[in-house]
Amino acid sequence: MKLSARDLVFDVTVGGSARDRHAPVLLLHGFPQNAGEWERVAPALHADGRATIAPDQRGYSPGARPADVADYRMVECVADIVAMLDGLDANKVDVVGHDWGALVAWHLAAEHPDRVRTLTAISVAHPAAMSDAIAIDPDQQQRSAYIKLFRQPGKAEDVLLENNGARLRAMFGGCPSELVDGYVAPMLDRAALTAALNWYRAMSRDTPECPPVTVPTTFVWGDGDIAIGPTAAKACANHVTGDYAFVPLTGVSHWVADEVPDILAEIILERLRRPAD
């Protein structure tokens with residue numbers, strides 16, 4: 001469906017039907033994916049009586065692709081989600097986010113706890129845990145070195161689009177090969193890739209710090225993740241004051257929803273089934 005919010009038009013996949021008093025489950029994708037990331041996870045949520053809302057976020061929806069880098073600041077991305085929830089009359093949701101979607105989810109849960117029943121963050125740790133790890137941990141510094149390229153306008157696009165997106169495809173180590181084209185194909189449009197990279201380019205020391213999260217939270221991390229190391233993953237607990245669970249997955253890559261969708265769905269449902277109110 002098309003959803004208008006904040007003078008933008010987002011592509012949103014809505015599925016399932018909430019039964020009893022279940023809150024909808026908001027599913028937030030990361031880079032360089034789209035709402036298709038959740039296609040193998042959502043059916044288990046629907047079978048449990050959950051409705052799902054999975055938007056293509058700012059820059060990924062063609063109708064929500066502003067030109068200025070500043071338009072991709074985290075404050076704008078979070079405001080999009082609040083406006084979408086308002087437009088869907090979703091007062092409170094269970095939030096699930098992966099990669100950049102996890103960062104949006106952390107901020108949403110911390111800054112709008114009245115709209116979030118539970119949080120399940122995947123792969124990317126709480127922003128403060130990430131910042132601390134990048135500052136002090138050589139391993140995380142090396143893992144995050146790619147961000148320097150992504151922040152270079154023009155050069156990053158040239159590198160990633162060369163040879164029909166060969167380097168984009170190479171990023172998906174651990175993701176089933178039959179799924180990769182579905183993520184890479186939209187990014188071969190240079191304007192779409194630039195918009196997605198603008199999330200990195202809008203990163204700034206002026207970004208407001210993310211407060212501790214007070215809602216019940218699960219953090220899921222694959223120990224085969226090449227982008228996020230154990231220092232940040234283990235430090236997440238220091239930034240959640242609500243009920244917290246850390247679920248490390250042995251031998252699983254960054255692409256958790258694609259690699260082990262059934263396991264991830266059960267982890268999400270375990271969080272949703274716990275009393276949260």
# chains A, B, ... in the order shown; residues from 1 in each chain; ligands from 1
$ residues_around --residues "Trp221 (chain A)" --least-positions-apart "5" --cutoff "9 Å" --atoms "only C-alpha atoms" --output "ChimeraX atom specification"
/A:121-125,228,230,233,246-250,252-254,256
$ write_last_selection --atoms "N, CA and C atoms" --output "PDB file, in the first residue's frame"
ATOM      1  N   ALA A 121      15.807  -5.649  18.629  1.00  0.00           N
ATOM      2  CA  ALA A 121      16.826  -5.063  17.755  1.00  0.00           C
ATOM      3  C   ALA A 121      17.746  -6.174  17.267  1.00  0.00           C
ATOM      4  N   ILE A 122      18.103  -6.113  15.995  1.00  0.00           N
ATOM      5  CA  ILE A 122      18.874  -7.189  15.373  1.00  0.00           C
ATOM      6  C   ILE A 122      20.147  -6.619  14.762  1.00  0.00           C
ATOM      7  N   SER A 123      21.255  -7.207  15.122  1.00  0.00           N
ATOM      8  CA  SER A 123      22.585  -6.944  14.565  1.00  0.00           C
ATOM      9  C   SER A 123      23.233  -5.675  15.089  1.00  0.00           C
ATOM     10  N   VAL A 124      22.549  -4.543  15.011  1.00  0.00           N
ATOM     11  CA  VAL A 124      23.165  -3.276  15.406  1.00  0.00           C
ATOM     12  C   VAL A 124      22.753  -2.918  16.832  1.00  0.00           C
ATOM     13  N   ALA A 125      23.756  -2.710  17.664  1.00  0.00           N
ATOM     14  CA  ALA A 125      23.542  -2.451  19.084  1.00  0.00           C
ATOM     15  C   ALA A 125      23.026  -1.044  19.333  1.00  0.00           C
ATOM     16  N   ILE A 228      29.515  -5.850  12.991  1.00  0.00           N
ATOM     17  CA  ILE A 228      29.298  -5.563  14.418  1.00  0.00           C
ATOM     18  C   ILE A 228      29.997  -6.624  15.243  1.00  0.00           C
ATOM     19  N   PRO A 230      31.770  -8.169  19.068  1.00  0.00           N
ATOM     20  CA  PRO A 230      31.262  -8.534  20.388  1.00  0.00           C
ATOM     21  C   PRO A 230      31.293  -7.405  21.409  1.00  0.00           C
ATOM     22  N   ALA A 233      28.076  -5.524  20.950  1.00  0.00           N
ATOM     23  CA  ALA A 233      26.951  -6.426  21.219  1.00  0.00           C
ATOM     24  C   ALA A 233      26.764  -6.661  22.716  1.00  0.00           C
ATOM     25  N   PHE A 246      19.700 -10.848  25.776  1.00  0.00           N
ATOM     26  CA  PHE A 246      20.702 -10.842  24.714  1.00  0.00           C
ATOM     27  C   PHE A 246      20.732 -12.242  24.121  1.00  0.00           C
ATOM     28  N   VAL A 247      20.520 -12.342  22.795  1.00  0.00           N
ATOM     29  CA  VAL A 247      20.471 -13.644  22.131  1.00  0.00           C
ATOM     30  C   VAL A 247      21.556 -13.698  21.065  1.00  0.00           C
ATOM     31  N   PRO A 248      22.737 -14.245  21.394  1.00  0.00           N
ATOM     32  CA  PRO A 248      23.775 -14.436  20.375  1.00  0.00           C
ATOM     33  C   PRO A 248      23.496 -15.708  19.576  1.00  0.00           C
ATOM     34  N   LEU A 249      23.719 -15.635  18.282  1.00  0.00           N
ATOM     35  CA  LEU A 249      23.482 -16.774  17.404  1.00  0.00           C
ATOM     36  C   LEU A 249      24.817 -17.244  16.824  1.00  0.00           C
ATOM     37  N   THR A 250      25.186 -18.452  17.149  1.00  0.00           N
ATOM     38  CA  THR A 250      26.481 -18.993  16.737  1.00  0.00           C
ATOM     39  C   THR A 250      26.512 -19.263  15.236  1.00  0.00           C
ATOM     40  N   VAL A 252      26.047 -17.311  12.713  1.00  0.00           N
ATOM     41  CA  VAL A 252      25.080 -16.575  11.887  1.00  0.00           C
ATOM     42  C   VAL A 252      25.675 -15.226  11.497  1.00  0.00           C
ATOM     43  N   SER A 253      25.426 -14.823  10.266  1.00  0.00           N
ATOM     44  CA  SER A 253      25.989 -13.591   9.729  1.00  0.00           C
ATOM     45  C   SER A 253      25.157 -12.373  10.108  1.00  0.00           C
ATOM     46  N   HIS A 254      25.490 -11.254   9.480  1.00  0.00           N
ATOM     47  CA  HIS A 254      24.735 -10.011   9.672  1.00  0.00           C
ATOM     48  C   HIS A 254      23.293 -10.139   9.189  1.00  0.00           C
ATOM     49  N   VAL A 256      20.537 -11.820   9.478  1.00  0.00           N
ATOM     50  CA  VAL A 256      19.856 -12.782  10.350  1.00  0.00           C
ATOM     51  C   VAL A 256      18.486 -13.161   9.800  1.00  0.00           C
TER      52      VAL A 256
END
$ closest_atom_pairs --of "region 106-197 of chain A" --to "region 97-101 of chain A" --cutoff "12 Å" --atoms "only C-alpha atoms" --output "JSON lines"
{"residue": "A:Trp106", "atom": "CA", "partner": "A:Gly97", "partner_atom": "CA", "distance": 8.3}
{"residue": "A:His107", "atom": "CA", "partner": "A:Gly101", "partner_atom": "CA", "distance": 10.0}
{"residue": "A:Leu108", "atom": "CA", "partner": "A:Gly101", "partner_atom": "CA", "distance": 10.3}
{"residue": "A:Ala109", "atom": "CA", "partner": "A:Gly97", "partner_atom": "CA", "distance": 10.9}
{"residue": "A:Thr118", "atom": "CA", "partner": "A:Gly97", "partner_atom": "CA", "distance": 11.3}
{"residue": "A:Leu119", "atom": "CA", "partner": "A:Gly97", "partner_atom": "CA", "distance": 8.1}
{"residue": "A:Thr120", "atom": "CA", "partner": "A:Gly97", "partner_atom": "CA", "distance": 6.6}
{"residue": "A:Ala121", "atom": "CA", "partner": "A:Gly97", "partner_atom": "CA", "distance": 5.1}
{"residue": "A:Ile122", "atom": "CA", "partner": "A:His98", "partner_atom": "CA", "distance": 4.6}
{"residue": "A:Ser123", "atom": "CA", "partner": "A:Asp99", "partner_atom": "CA", "distance": 5.9}
{"residue": "A:Val124", "atom": "CA", "partner": "A:Asp99", "partner_atom": "CA", "distance": 5.2}
{"residue": "A:Ala125", "atom": "CA", "partner": "A:Asp99", "partner_atom": "CA", "distance": 8.7}
{"residue": "A:His126", "atom": "CA", "partner": "A:Asp99", "partner_atom": "CA", "distance": 10.8}
{"residue": "A:Pro127", "atom": "CA", "partner": "A:Trp100", "partner_atom": "CA", "distance": 10.5}
{"residue": "A:Met130", "atom": "CA", "partner": "A:Asp99", "partner_atom": "CA", "distance": 11.8}
{"residue": "A:Ala196", "atom": "CA", "partner": "A:Trp100", "partner_atom": "CA", "distance": 10.1}
{"residue": "A:Leu197", "atom": "CA", "partner": "A:Trp100", "partner_atom": "CA", "distance": 11.0}
$ write_last_selection --atoms "C-alpha atoms" --output "PDB file, in the first residue's frame"
ATOM      1  CA  TRP A 106      16.429   2.046  19.347  1.00  0.00           C
ATOM      2  CA  HIS A 107      15.704   5.769  19.004  1.00  0.00           C
ATOM      3  CA  LEU A 108      11.967   5.206  18.616  1.00  0.00           C
ATOM      4  CA  ALA A 109      11.824   3.067  21.754  1.00  0.00           C
ATOM      5  CA  THR A 118       8.539  -4.036  23.131  1.00  0.00           C
ATOM      6  CA  LEU A 119      11.731  -3.773  21.095  1.00  0.00           C
ATOM      7  CA  THR A 120      13.617  -6.493  19.254  1.00  0.00           C
ATOM      8  CA  ALA A 121      16.826  -5.063  17.755  1.00  0.00           C
ATOM      9  CA  ILE A 122      18.874  -7.189  15.373  1.00  0.00           C
ATOM     10  CA  SER A 123      22.585  -6.944  14.565  1.00  0.00           C
ATOM     11  CA  VAL A 124      23.165  -3.276  15.406  1.00  0.00           C
ATOM     12  CA  ALA A 125      23.542  -2.451  19.084  1.00  0.00           C
ATOM     13  CA  HIS A 126      22.224   0.563  20.982  1.00  0.00           C
ATOM     14  CA  PRO A 127      23.772   3.735  19.472  1.00  0.00           C
ATOM     15  CA  MET A 130      28.146   1.371  19.072  1.00  0.00           C
ATOM     16  CA  ALA A 196      20.299   4.892   0.926  1.00  0.00           C
ATOM     17  CA  LEU A 197      23.894   6.049   1.398  1.00  0.00           C
TER      18      LEU A 197
END
$ residues_around --residues "Leu269 (chain A)" --least-positions-apart "4" --cutoff "12 Å" --atoms "only C-alpha atoms" --output "MDAnalysis selection string"
chainID A and resid 22 25 41:50 94:96 118:120 218 262:265 273:275
$ closest_residue --among "A:Arg115, A:Tyr72, A:Ala105, A:Leu161" --to "Val93 (chain A)" --atoms "only C-alpha atoms"
A:Arg115
$ closest_residue --among "A:Ile267, A:Ala195, A:Ile136, A:Leu27" --to "Thr13 (chain A)" --atoms "only C-alpha atoms"
A:Leu27
$ atom_distance --atom1 "CA of Gly63 (chain A)" --atom2 "CA of Gly165 (chain A)"
23.3 Å
$ select_by_dssp --residues "region 30-187 of chain A" --states "strand (DSSP E or B)" --output "list of chain:residue names"
A:Thr52, A:Ile53, A:Ala54, A:Pro55, A:Val93, A:Asp94, A:Val95, A:Val96, A:Gly97, A:His98, A:Val116, A:Arg117, A:Thr118, A:Leu119, A:Thr120, A:Ala121, A:Ile122
$ residues_around --residues "Val9 (chain A)" --least-positions-apart "2" --cutoff "12 Å" --atoms "only C-alpha atoms" --output "JSON list (two decimals) with N, CA and C atoms, in the first residue's frame"
[["chain", "number", "residue", "atom", "x", "y", "z"],
["A", 1, "MET", "N", 0.83, -1.19, 0.00],
["A", 1, "MET", "CA", 0.00, 0.00, 0.00],
["A", 1, "MET", "C", 0.87, 1.25, 0.00],
["A", 2, "LYS", "N", 0.29, 2.37, -0.42],
["A", 2, "LYS", "CA", 0.96, 3.66, -0.37],
["A", 2, "LYS", "C", 0.44, 4.41, 0.85],
["A", 3, "LEU", "N", 1.36, 4.97, 1.61],
["A", 3, "LEU", "CA", 0.97, 5.69, 2.83],
["A", 3, "LEU", "C", 1.61, 7.07, 2.81],
["A", 4, "SER", "N", 0.79, 8.10, 2.88],
["A", 4, "SER", "CA", 1.29, 9.47, 2.92],
["A", 4, "SER", "C", 1.62, 9.85, 4.36],
["A", 5, "ALA", "N", 2.80, 10.41, 4.55],
["A", 5, "ALA", "CA", 3.23, 10.85, 5.88],
["A", 5, "ALA", "C", 4.28, 11.94, 5.70],
["A", 6, "ARG", "N", 4.08, 13.08, 6.34],
["A", 6, "ARG", "CA", 5.05, 14.18, 6.31],
["A", 6, "ARG", "C", 5.35, 14.63, 4.88],
["A", 7, "ASP", "N", 4.31, 14.72, 4.04],
["A", 7, "ASP", "CA", 4.44, 15.15, 2.65],
["A", 7, "ASP", "C", 5.28, 14.20, 1.81],
["A", 11, "ASP", "N", 6.04, 3.26, 0.55],
["A", 11, "ASP", "CA", 5.53, 1.93, 0.22],
["A", 11, "ASP", "C", 5.54, 1.11, 1.50],
["A", 12, "VAL", "N", 4.40, 0.58, 1.87],
["A", 12, "VAL", "CA", 4.26, -0.14, 3.14],
["A", 12, "VAL", "C", 3.57, -1.48, 2.88],
["A", 55, "PRO", "N", 7.47, -0.94, 6.34],
["A", 55, "PRO", "CA", 7.66, 0.12, 5.35],
["A", 55, "PRO", "C", 9.01, 0.02, 4.65],
["A", 56, "ASP", "N", 9.05, 0.46, 3.40],
["A", 56, "ASP", "CA", 10.31, 0.83, 2.77],
["A", 56, "ASP", "C", 10.62, 2.23, 3.28],
["A", 57, "GLN", "N", 11.70, 2.37, 4.00],
["A", 57, "GLN", "CA", 11.94, 3.61, 4.72],
["A", 57, "GLN", "C", 12.37, 4.76, 3.80],
["A", 58, "ARG", "N", 12.58, 5.90, 4.42],
["A", 58, "ARG", "CA", 13.00, 7.12, 3.72],
["A", 58, "ARG", "C", 14.19, 6.82, 2.79],
["A", 59, "GLY", "N", 14.06, 7.22, 1.54],
["A", 59, "GLY", "CA", 15.10, 6.98, 0.56],
["A", 59, "GLY", "C", 14.90, 5.69, -0.21],
["A", 60, "TYR", "N", 14.26, 4.70, 0.40],
["A", 60, "TYR", "CA", 14.01, 3.42, -0.25],
["A", 60, "TYR", "C", 12.68, 3.43, -0.98],
["A", 61, "SER", "N", 11.69, 4.14, -0.45],
["A", 61, "SER", "CA", 10.43, 4.35, -1.17],
["A", 61, "SER", "C", 10.66, 5.46, -2.19],
["A", 62, "PRO", "N", 10.38, 5.24, -3.48],
["A", 62, "PRO", "CA", 10.61, 6.28, -4.48],
["A", 62, "PRO", "C", 9.87, 7.58, -4.18],
["A", 63, "GLY", "N", 8.72, 7.49, -3.52],
["A", 63, "GLY", "CA", 7.95, 8.69, -3.20],
["A", 63, "GLY", "C", 8.40, 9.37, -1.93],
["A", 64, "ALA", "N", 9.44, 8.84, -1.30],
["A", 64, "ALA", "CA", 9.97, 9.42, -0.05],
["A", 64, "ALA", "C", 11.48, 9.53, -0.17],
["A", 65, "ARG", "N", 11.93, 10.28, -1.17],
["A", 65, "ARG", "CA", 13.35, 10.33, -1.50],
["A", 65, "ARG", "C", 13.82, 11.77, -1.65],
["A", 66, "PRO", "N", 13.87, 12.54, -0.55],
["A", 66, "PRO", "CA", 14.35, 13.92, -0.64],
["A", 66, "PRO", "C", 15.82, 13.96, -1.04],
["A", 80, "ASP", "N", 9.41, 10.01, 10.64],
["A", 80, "ASP", "CA", 8.65, 9.30, 9.61],
["A", 80, "ASP", "C", 7.84, 8.17, 10.23],
["A", 83, "ALA", "N", 4.89, 9.34, 12.26],
["A", 83, "ALA", "CA", 3.82, 9.81, 11.38],
["A", 83, "ALA", "C", 3.12, 8.65, 10.69],
["A", 84, "MET", "N", 3.87, 7.62, 10.31],
["A", 84, "MET", "CA", 3.24, 6.45, 9.70],
["A", 84, "MET", "C", 2.32, 5.74, 10.69],
["A", 87, "GLY", "N", -0.78, 7.62, 10.93],
["A", 87, "GLY", "CA", -1.61, 7.44, 9.74],
["A", 87, "GLY", "C", -2.31, 6.10, 9.70]]
$ atom_distance --atom1 "CA of Ala227 (chain A)" --atom2 "CA of Val82 (chain A)"
28.1 Å
$ select_by_dssp --residues "region 65-196 of chain A" --states "helix (DSSP H, G or I)" --output "PyMOL selection string"
chain A and resi 69-72+74-87+100-111+113-115+127-136+138-143+146-150+155-170+177-187+190-196
$ decode --residues "region 54-65 of chain A" --atoms "N, CA and C atoms" --output "mmCIF file, in the first residue's frame"
data_model
loop_
_atom_site.group_PDB
_atom_site.id
_atom_site.type_symbol
_atom_site.label_atom_id
_atom_site.label_comp_id
_atom_site.auth_asym_id
_atom_site.auth_seq_id
_atom_site.Cartn_x
_atom_site.Cartn_y
_atom_site.Cartn_z
ATOM 1 N N ALA A 54 5.414 -3.193 7.517
ATOM 2 C CA ALA A 54 6.803 -3.192 7.056
ATOM 3 C C ALA A 54 6.979 -2.126 5.975
ATOM 4 N N PRO A 55 7.471 -0.936 6.341
ATOM 5 C CA PRO A 55 7.657 0.117 5.347
ATOM 6 C C PRO A 55 9.011 0.018 4.646
ATOM 7 N N ASP A 56 9.049 0.463 3.397
ATOM 8 C CA ASP A 56 10.314 0.826 2.768
ATOM 9 C C ASP A 56 10.622 2.227 3.277
ATOM 10 N N GLN A 57 11.696 2.372 3.998
ATOM 11 C CA GLN A 57 11.936 3.612 4.723
ATOM 12 C C GLN A 57 12.365 4.757 3.799
ATOM 13 N N ARG A 58 12.584 5.900 4.419
ATOM 14 C CA ARG A 58 13.000 7.117 3.716
ATOM 15 C C ARG A 58 14.190 6.821 2.790
ATOM 16 N N GLY A 59 14.056 7.220 1.538
ATOM 17 C CA GLY A 59 15.097 6.975 0.558
ATOM 18 C C GLY A 59 14.896 5.690 -0.212
ATOM 19 N N TYR A 60 14.263 4.704 0.398
ATOM 20 C CA TYR A 60 14.013 3.419 -0.254
ATOM 21 C C TYR A 60 12.678 3.429 -0.983
ATOM 22 N N SER A 61 11.687 4.138 -0.445
ATOM 23 C CA SER A 61 10.434 4.354 -1.167
ATOM 24 C C SER A 61 10.660 5.463 -2.189
ATOM 25 N N PRO A 62 10.383 5.237 -3.477
ATOM 26 C CA PRO A 62 10.606 6.281 -4.482
ATOM 27 C C PRO A 62 9.868 7.579 -4.180
ATOM 28 N N GLY A 63 8.719 7.488 -3.520
ATOM 29 C CA GLY A 63 7.952 8.685 -3.195
ATOM 30 C C GLY A 63 8.399 9.375 -1.927
ATOM 31 N N ALA A 64 9.443 8.841 -1.297
ATOM 32 C CA ALA A 64 9.967 9.419 -0.050
ATOM 33 C C ALA A 64 11.479 9.525 -0.171
ATOM 34 N N ARG A 65 11.926 10.282 -1.172
ATOM 35 C CA ARG A 65 13.348 10.326 -1.502
ATOM 36 C C ARG A 65 13.818 11.772 -1.654
#
